[in-house]
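Heads up, entry08.txt below (compact mmCIF, C-alpha atoms and all ligand atoms):
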# COMPACT_ATOMS: atom_id res chain seq x y z
CA MET A 1 -53.14 50.60 -28.54
CA THR A 2 -51.32 47.70 -30.22
CA GLU A 3 -47.95 49.42 -29.92
CA ASP A 4 -48.56 49.64 -26.18
CA VAL A 5 -48.28 45.86 -25.85
CA LYS A 6 -44.81 45.90 -27.35
CA ALA A 7 -43.78 48.85 -25.19
CA GLN A 8 -45.01 46.93 -22.12
CA LYS A 9 -43.00 43.86 -23.13
CA PHE A 10 -39.84 45.89 -23.76
CA SER A 11 -40.37 47.64 -20.44
CA THR A 12 -40.56 44.23 -18.72
CA LEU A 13 -37.38 43.23 -20.56
CA PHE A 14 -35.66 46.46 -19.51
CA ARG A 15 -36.44 45.83 -15.84
CA TRP A 16 -34.98 42.31 -16.18
CA PHE A 17 -31.86 43.46 -18.03
CA ASP A 18 -31.17 46.28 -15.56
CA GLN A 19 -29.20 43.93 -13.32
CA ASN A 20 -28.18 46.56 -10.75
CA GLY A 21 -31.62 48.20 -10.72
CA ASP A 22 -30.40 51.76 -11.22
CA GLY A 23 -32.91 52.45 -13.99
CA LEU A 24 -30.30 52.58 -16.77
CA LEU A 25 -28.74 49.91 -18.98
CA THR A 26 -24.98 49.81 -19.23
CA HIS A 27 -22.44 47.42 -20.70
CA ASP A 28 -22.09 45.87 -17.22
CA ASP A 29 -25.81 45.04 -17.11
CA LEU A 30 -25.66 43.30 -20.49
CA GLN A 31 -22.51 41.42 -19.50
CA GLY A 32 -24.31 40.36 -16.32
CA MET A 33 -27.16 38.99 -18.43
CA ALA A 34 -24.69 37.20 -20.69
CA GLU A 35 -23.12 35.50 -17.66
CA LEU A 36 -26.55 34.42 -16.34
CA PHE A 37 -27.34 32.83 -19.70
CA ALA A 38 -23.87 31.33 -20.18
CA GLY A 39 -24.22 29.79 -16.69
CA LEU A 40 -27.03 27.60 -18.03
CA ALA A 41 -24.62 25.80 -20.34
CA ARG A 42 -23.11 22.60 -18.95
CA ALA A 43 -19.47 22.63 -17.84
CA GLY A 44 -17.49 22.09 -21.00
CA ASP A 45 -20.21 23.45 -23.30
CA LYS A 46 -18.04 26.33 -24.42
CA GLU A 47 -19.71 26.62 -27.79
CA ASN A 48 -23.16 27.60 -26.53
CA ALA A 49 -21.80 29.68 -23.65
CA SER A 50 -19.67 31.78 -25.98
CA ALA A 51 -22.44 32.03 -28.59
CA MET A 52 -24.68 33.59 -25.90
CA ARG A 53 -21.91 35.95 -24.70
CA ASN A 54 -21.19 37.05 -28.27
CA ALA A 55 -24.85 37.65 -29.07
CA PHE A 56 -25.35 39.77 -25.92
CA GLU A 57 -22.30 41.82 -26.93
CA THR A 58 -23.84 42.29 -30.38
CA TRP A 59 -27.09 43.36 -28.72
CA TRP A 60 -25.26 45.91 -26.52
CA GLN A 61 -23.43 47.35 -29.54
CA LEU A 62 -26.79 47.77 -31.31
CA LEU A 63 -28.26 49.55 -28.27
CA LEU A 64 -25.28 51.86 -28.07
CA ALA A 65 -25.00 52.59 -31.80
CA HIS A 66 -28.70 53.17 -32.45
CA GLY A 67 -30.35 53.81 -29.08
CA ASP A 68 -28.07 56.05 -27.03
CA SER A 69 -29.62 59.26 -28.32
CA ASP A 70 -27.96 61.55 -25.76
CA GLY A 71 -24.55 59.83 -26.05
CA SER A 72 -24.29 59.10 -22.33
CA GLY A 73 -23.06 55.52 -22.80
CA GLN A 74 -26.16 54.39 -20.91
CA ILE A 75 -29.58 53.41 -22.20
CA SER A 76 -32.67 54.76 -20.48
CA ARG A 77 -35.97 52.87 -20.43
CA GLN A 78 -37.43 55.10 -23.14
CA GLU A 79 -34.30 54.83 -25.30
CA PHE A 80 -34.46 51.04 -24.90
CA ILE A 81 -38.14 50.80 -25.90
CA THR A 82 -37.51 52.96 -28.97
CA VAL A 83 -34.37 51.18 -30.15
CA MET A 84 -35.98 47.77 -29.62
CA GLU A 85 -38.95 48.74 -31.77
CA THR A 86 -37.03 50.49 -34.52
CA ASN A 87 -33.75 48.64 -34.71
CA VAL A 88 -33.17 45.48 -32.70
CA THR A 89 -36.34 43.87 -34.04
CA ASP A 90 -35.30 44.70 -37.60
CA PRO A 91 -34.93 41.21 -39.16
CA ARG A 92 -31.16 41.25 -39.77
CA HIS A 93 -30.39 42.50 -36.27
CA PHE A 94 -33.00 40.30 -34.63
CA GLU A 95 -31.35 37.20 -36.06
CA GLU A 96 -27.79 38.04 -34.97
CA ALA A 97 -28.69 39.24 -31.48
CA VAL A 98 -31.95 37.83 -30.14
CA LEU A 99 -32.37 34.62 -32.13
CA ALA A 100 -28.66 33.78 -31.78
CA ILE A 101 -29.21 33.79 -28.00
CA ALA A 102 -32.43 31.78 -28.33
CA ASP A 103 -30.78 29.07 -30.44
CA ALA A 104 -27.80 28.65 -28.11
CA LEU A 105 -30.08 28.79 -25.05
CA MET A 106 -32.31 26.06 -26.46
CA ARG A 107 -29.30 23.81 -27.11
CA ALA A 108 -27.86 24.54 -23.65
CA LEU A 109 -31.18 23.75 -21.91
CA ASP A 110 -31.69 20.50 -23.84
CA THR A 111 -29.56 18.55 -21.39
CA ASP A 112 -30.63 15.10 -22.63
CA GLY A 113 -29.93 16.07 -26.25
CA SER A 114 -33.41 15.05 -27.43
CA GLY A 115 -33.76 18.13 -29.63
CA MET A 116 -36.84 19.11 -27.59
CA LEU A 117 -37.31 20.83 -24.25
CA SER A 118 -39.20 18.84 -21.64
CA GLN A 119 -41.05 20.83 -19.00
CA ALA A 120 -38.25 20.11 -16.49
CA GLU A 121 -35.59 21.34 -18.93
CA TYR A 122 -37.62 24.45 -19.72
CA VAL A 123 -38.44 25.36 -16.11
CA ARG A 124 -34.76 25.24 -15.16
CA MET A 125 -34.37 28.44 -17.19
CA TYR A 126 -36.60 30.46 -14.83
CA ASP A 127 -34.66 30.12 -11.60
CA ALA A 128 -31.31 30.46 -13.30
CA LEU A 129 -32.30 33.61 -15.18
CA GLY A 130 -34.13 35.24 -12.28
CA ILE A 131 -37.59 35.05 -13.84
CA PRO A 132 -40.34 34.41 -11.26
CA PRO A 133 -41.14 30.68 -11.76
CA VAL A 134 -44.75 31.01 -10.62
CA HIS A 135 -46.08 31.17 -14.19
CA SER A 136 -43.64 28.73 -15.77
CA GLU A 137 -46.08 25.82 -16.03
CA ALA A 138 -48.77 27.94 -17.64
CA ALA A 139 -46.21 29.42 -20.02
CA PHE A 140 -44.99 25.97 -20.99
CA ARG A 141 -48.52 24.81 -21.84
CA LEU A 142 -49.18 27.93 -23.93
CA LEU A 143 -45.90 27.70 -25.81
CA ASP A 144 -46.33 23.96 -26.53
CA GLN A 145 -48.48 24.75 -29.53
CA ASP A 146 -49.01 21.16 -30.73
CA GLY A 147 -49.63 19.93 -27.18
CA ASP A 148 -47.18 17.01 -27.37
CA GLY A 149 -45.74 17.85 -23.94
CA ALA A 150 -42.41 19.19 -25.20
CA LEU A 151 -41.13 22.36 -26.83
CA SER A 152 -39.57 21.84 -30.25
CA HIS A 153 -36.91 24.21 -31.52
CA ALA A 154 -39.57 25.74 -33.81
CA GLU A 155 -41.99 26.27 -30.90
CA PHE A 156 -39.23 27.87 -28.80
CA ARG A 157 -38.15 30.17 -31.65
CA SER A 158 -41.76 31.10 -32.33
CA ALA A 159 -42.30 32.00 -28.65
CA ILE A 160 -39.25 34.26 -28.67
CA THR A 161 -40.25 35.85 -31.97
CA GLU A 162 -43.80 36.50 -30.73
CA PHE A 163 -42.49 38.06 -27.54
CA TYR A 164 -40.44 40.59 -29.51
CA LEU A 165 -42.50 41.14 -32.65
CA SER A 166 -46.15 40.54 -31.88
CA ALA A 167 -48.41 43.45 -30.95
CA ASP A 168 -51.23 40.99 -30.17
CA PRO A 169 -52.03 41.21 -26.45
CA LYS A 170 -53.11 37.55 -26.56
CA ALA A 171 -49.99 36.12 -28.26
CA ALA A 172 -48.74 33.03 -26.38
CA GLY A 173 -45.16 34.25 -26.64
CA ASN A 174 -46.01 37.25 -24.44
CA TRP A 175 -45.81 34.82 -21.52
CA LEU A 176 -42.11 34.13 -21.96
CA LEU A 177 -41.17 36.26 -18.94
CA GLY A 178 -44.47 35.88 -17.07
CA PRO A 179 -47.14 38.60 -17.06
CA ILE A 180 -46.02 41.73 -18.88
CA ASP A 181 -45.84 45.14 -17.22
CA GLN A 182 -49.20 46.87 -17.13
CA ALA A 183 -47.76 50.38 -17.16
CA THR A 184 -44.70 51.77 -18.87
CA CA B 1 -28.27 49.41 -14.69
CA CA B 2 -34.66 17.47 -24.10
CA CA B 3 -44.65 20.70 -28.71
Take the structure from the file and write it as structure tokens.
Ligand SMILES: [Ca+2]
Ligand SMILES: [Ca+2]
Ligand SMILES: [Ca+2]
Amino acid sequence: MTEDVKAQKFSTLFRWFDQNGDGLLTHDDLQGMAELFAGLARAGDKENASAMRNAFETWWQLLLAHGDSDGSGQISRQEFITVMETNVTDPRHFEEAVLAIADALMRALDTDGSGMLSQAEYVRMYDALGIPPVHSEAAFRLLDQDGDGALSHAEFRSAITEFYLSADPKAAGNWLLGPIDQAT
């Protein structure tokens, strides 16, 4: 049963990444995601924008190299779930793809340069990335583990890591994208 939670989260992620909604992931979908993320960086913040673009490209190359089992150049939902579990969440790949995006995203969202994300800075991510904002306040409270009213870099990283690695249905990080899919 525990693996089901991860499959549900990766299924939710797949639906979000499939920008044109055709039920397959292609290079275009991942580039579309990269542009959504890069758009959160302030004008002139080339460093974080290009870090996010590069990390999405790395992610796509991992999907293609390890997940495209039928060699179609497209990744199906089942191929995505499998390659996420077996390969992308492998520590060395997780760092260069997923956490590289998380680190640049955190810096891009921290518009006042405080080193922490206020609720307003955090919530801005939802609209811009096309995540339904209805659960953003609840998510913020869950992810703010020490309850000081702001997300530290460590709290943000831990939320992302829990979303991808935890099989615990109650993990706070599961809330990153709102409620997870109930069926895969
Ligand atoms: Ca697609
Ligand atoms: Ca801040
Ligand atoms: Ca905090």
Q) Could you state the separation of CA of Val134 (chain A) and CA of Gln119 (chain A) in Å, given to one decimal place? A) 13.7 Å
Please provide as a JSON list (two decimals) with C-alpha atoms, keeping the file's coordinate frame all residues within 10 Å of Met116 (chain A), with the sequence filter that same-chain residues fewer than 4 positions apart are discarded (counting only C-alpha atoms).
[["chain", "number", "residue", "atom", "x", "y", "z"],
["A", 106, "MET", "CA", -32.31, 26.06, -26.46],
["A", 107, "ARG", "CA", -29.30, 23.81, -27.11],
["A", 109, "LEU", "CA", -31.18, 23.75, -21.91],
["A", 110, "ASP", "CA", -31.69, 20.50, -23.84],
["A", 111, "THR", "CA", -29.56, 18.55, -21.39],
["A", 112, "ASP", "CA", -30.63, 15.10, -22.63],
["A", 121, "GLU", "CA", -35.59, 21.34, -18.93],
["A", 122, "TYR", "CA", -37.62, 24.45, -19.72],
["A", 149, "GLY", "CA", -45.74, 17.85, -23.94],
["A", 150, "ALA", "CA", -42.41, 19.19, -25.20],
["A", 151, "LEU", "CA", -41.13, 22.36, -26.83],
["A", 152, "SER", "CA", -39.57, 21.84, -30.25],
["A", 153, "HIS", "CA", -36.91, 24.21, -31.52],
["A", 154, "ALA", "CA", -39.57, 25.74, -33.81],
["A", 155, "GLU", "CA", -41.99, 26.27, -30.90],
["A", 156, "PHE", "CA", -39.23, 27.87, -28.80]]
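Nearest residue to ligand CA 3 (chain B), choosing from A:Trp16, A:Phe56, A:Phe163, A:Phe140 and counting only C-alpha atoms and all ligand atoms: A:Phe140.
Compared by their closest atoms to Met84 (chain A), and using all atoms listed in the file, the residues A:Ile101, A:Ala138, A:Asp29, A:Trp60 rank with A:Trp60 nearest.
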**Q.** Counting only C-alpha atoms and all ligand atoms, the option among A:Arg124, A:His93, A:Lys170, A:Arg141 closest to ligand CA 3 (chain B)
**A.** A:Arg141
**Q.** Å distance separating CA of Ala108 (chain A) from CA of Ala41 (chain A), one decimal place
**A.** 4.8 Å
Q: Within 9 Å of region 70-77 of chain A, counting all atoms listed in the file, which residues show up once you throw out same-chain ones fewer than 5 positions away? Write them as a PyMOL selection string, please.
A: chain A and resi 10-11+14-15+23-27+63-64+82+184
Output for the residues just chosen: C-alpha atoms as a short mmCIF file (atom, residue, chain, number, x, y, z; two decimals), keeping the file's coordinate frame:
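What follows is the written file result_5.cif:
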data_model
loop_
_atom_site.label_atom_id
_atom_site.label_comp_id
_atom_site.auth_asym_id
_atom_site.auth_seq_id
_atom_site.Cartn_x
_atom_site.Cartn_y
_atom_site.Cartn_z
CA PHE A 10 -39.84 45.89 -23.76
CA SER A 11 -40.37 47.64 -20.44
CA PHE A 14 -35.66 46.46 -19.51
CA ARG A 15 -36.44 45.83 -15.84
CA GLY A 23 -32.91 52.45 -13.99
CA LEU A 24 -30.30 52.58 -16.77
CA LEU A 25 -28.74 49.91 -18.98
CA THR A 26 -24.98 49.81 -19.23
CA HIS A 27 -22.44 47.42 -20.70
CA LEU A 63 -28.26 49.55 -28.27
CA LEU A 64 -25.28 51.86 -28.07
CA THR A 82 -37.51 52.96 -28.97
CA THR A 184 -44.70 51.77 -18.87
#
Q. Restricting the calculation to only C-alpha atoms and all ligand atoms, which member of A:Met52, A:Val5, A:Ala120, A:Leu13 is positioned closest to ligand CA 2 (chain B)?
A. A:Ala120
Q.
Here is a test: counting all atoms listed in the file, which residue of A:Glu85, A:Ser50, A:Leu105, A:Ile160 is nearest to Leu129 (chain A)?
A. A:Leu105
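CA of Asn174 (chain A) sits 22.8 Å away from atom CA of ligand CA 2 (chain B).
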**Q.** For Thr161 (chain A): contacts at 10 Å, all atoms listed in the file, fewer than 3 positions along chain excluded, given as number ranges by chain
**A.** A: 89, 94-95, 98-99, 102, 155-158, 164-166, 173-174
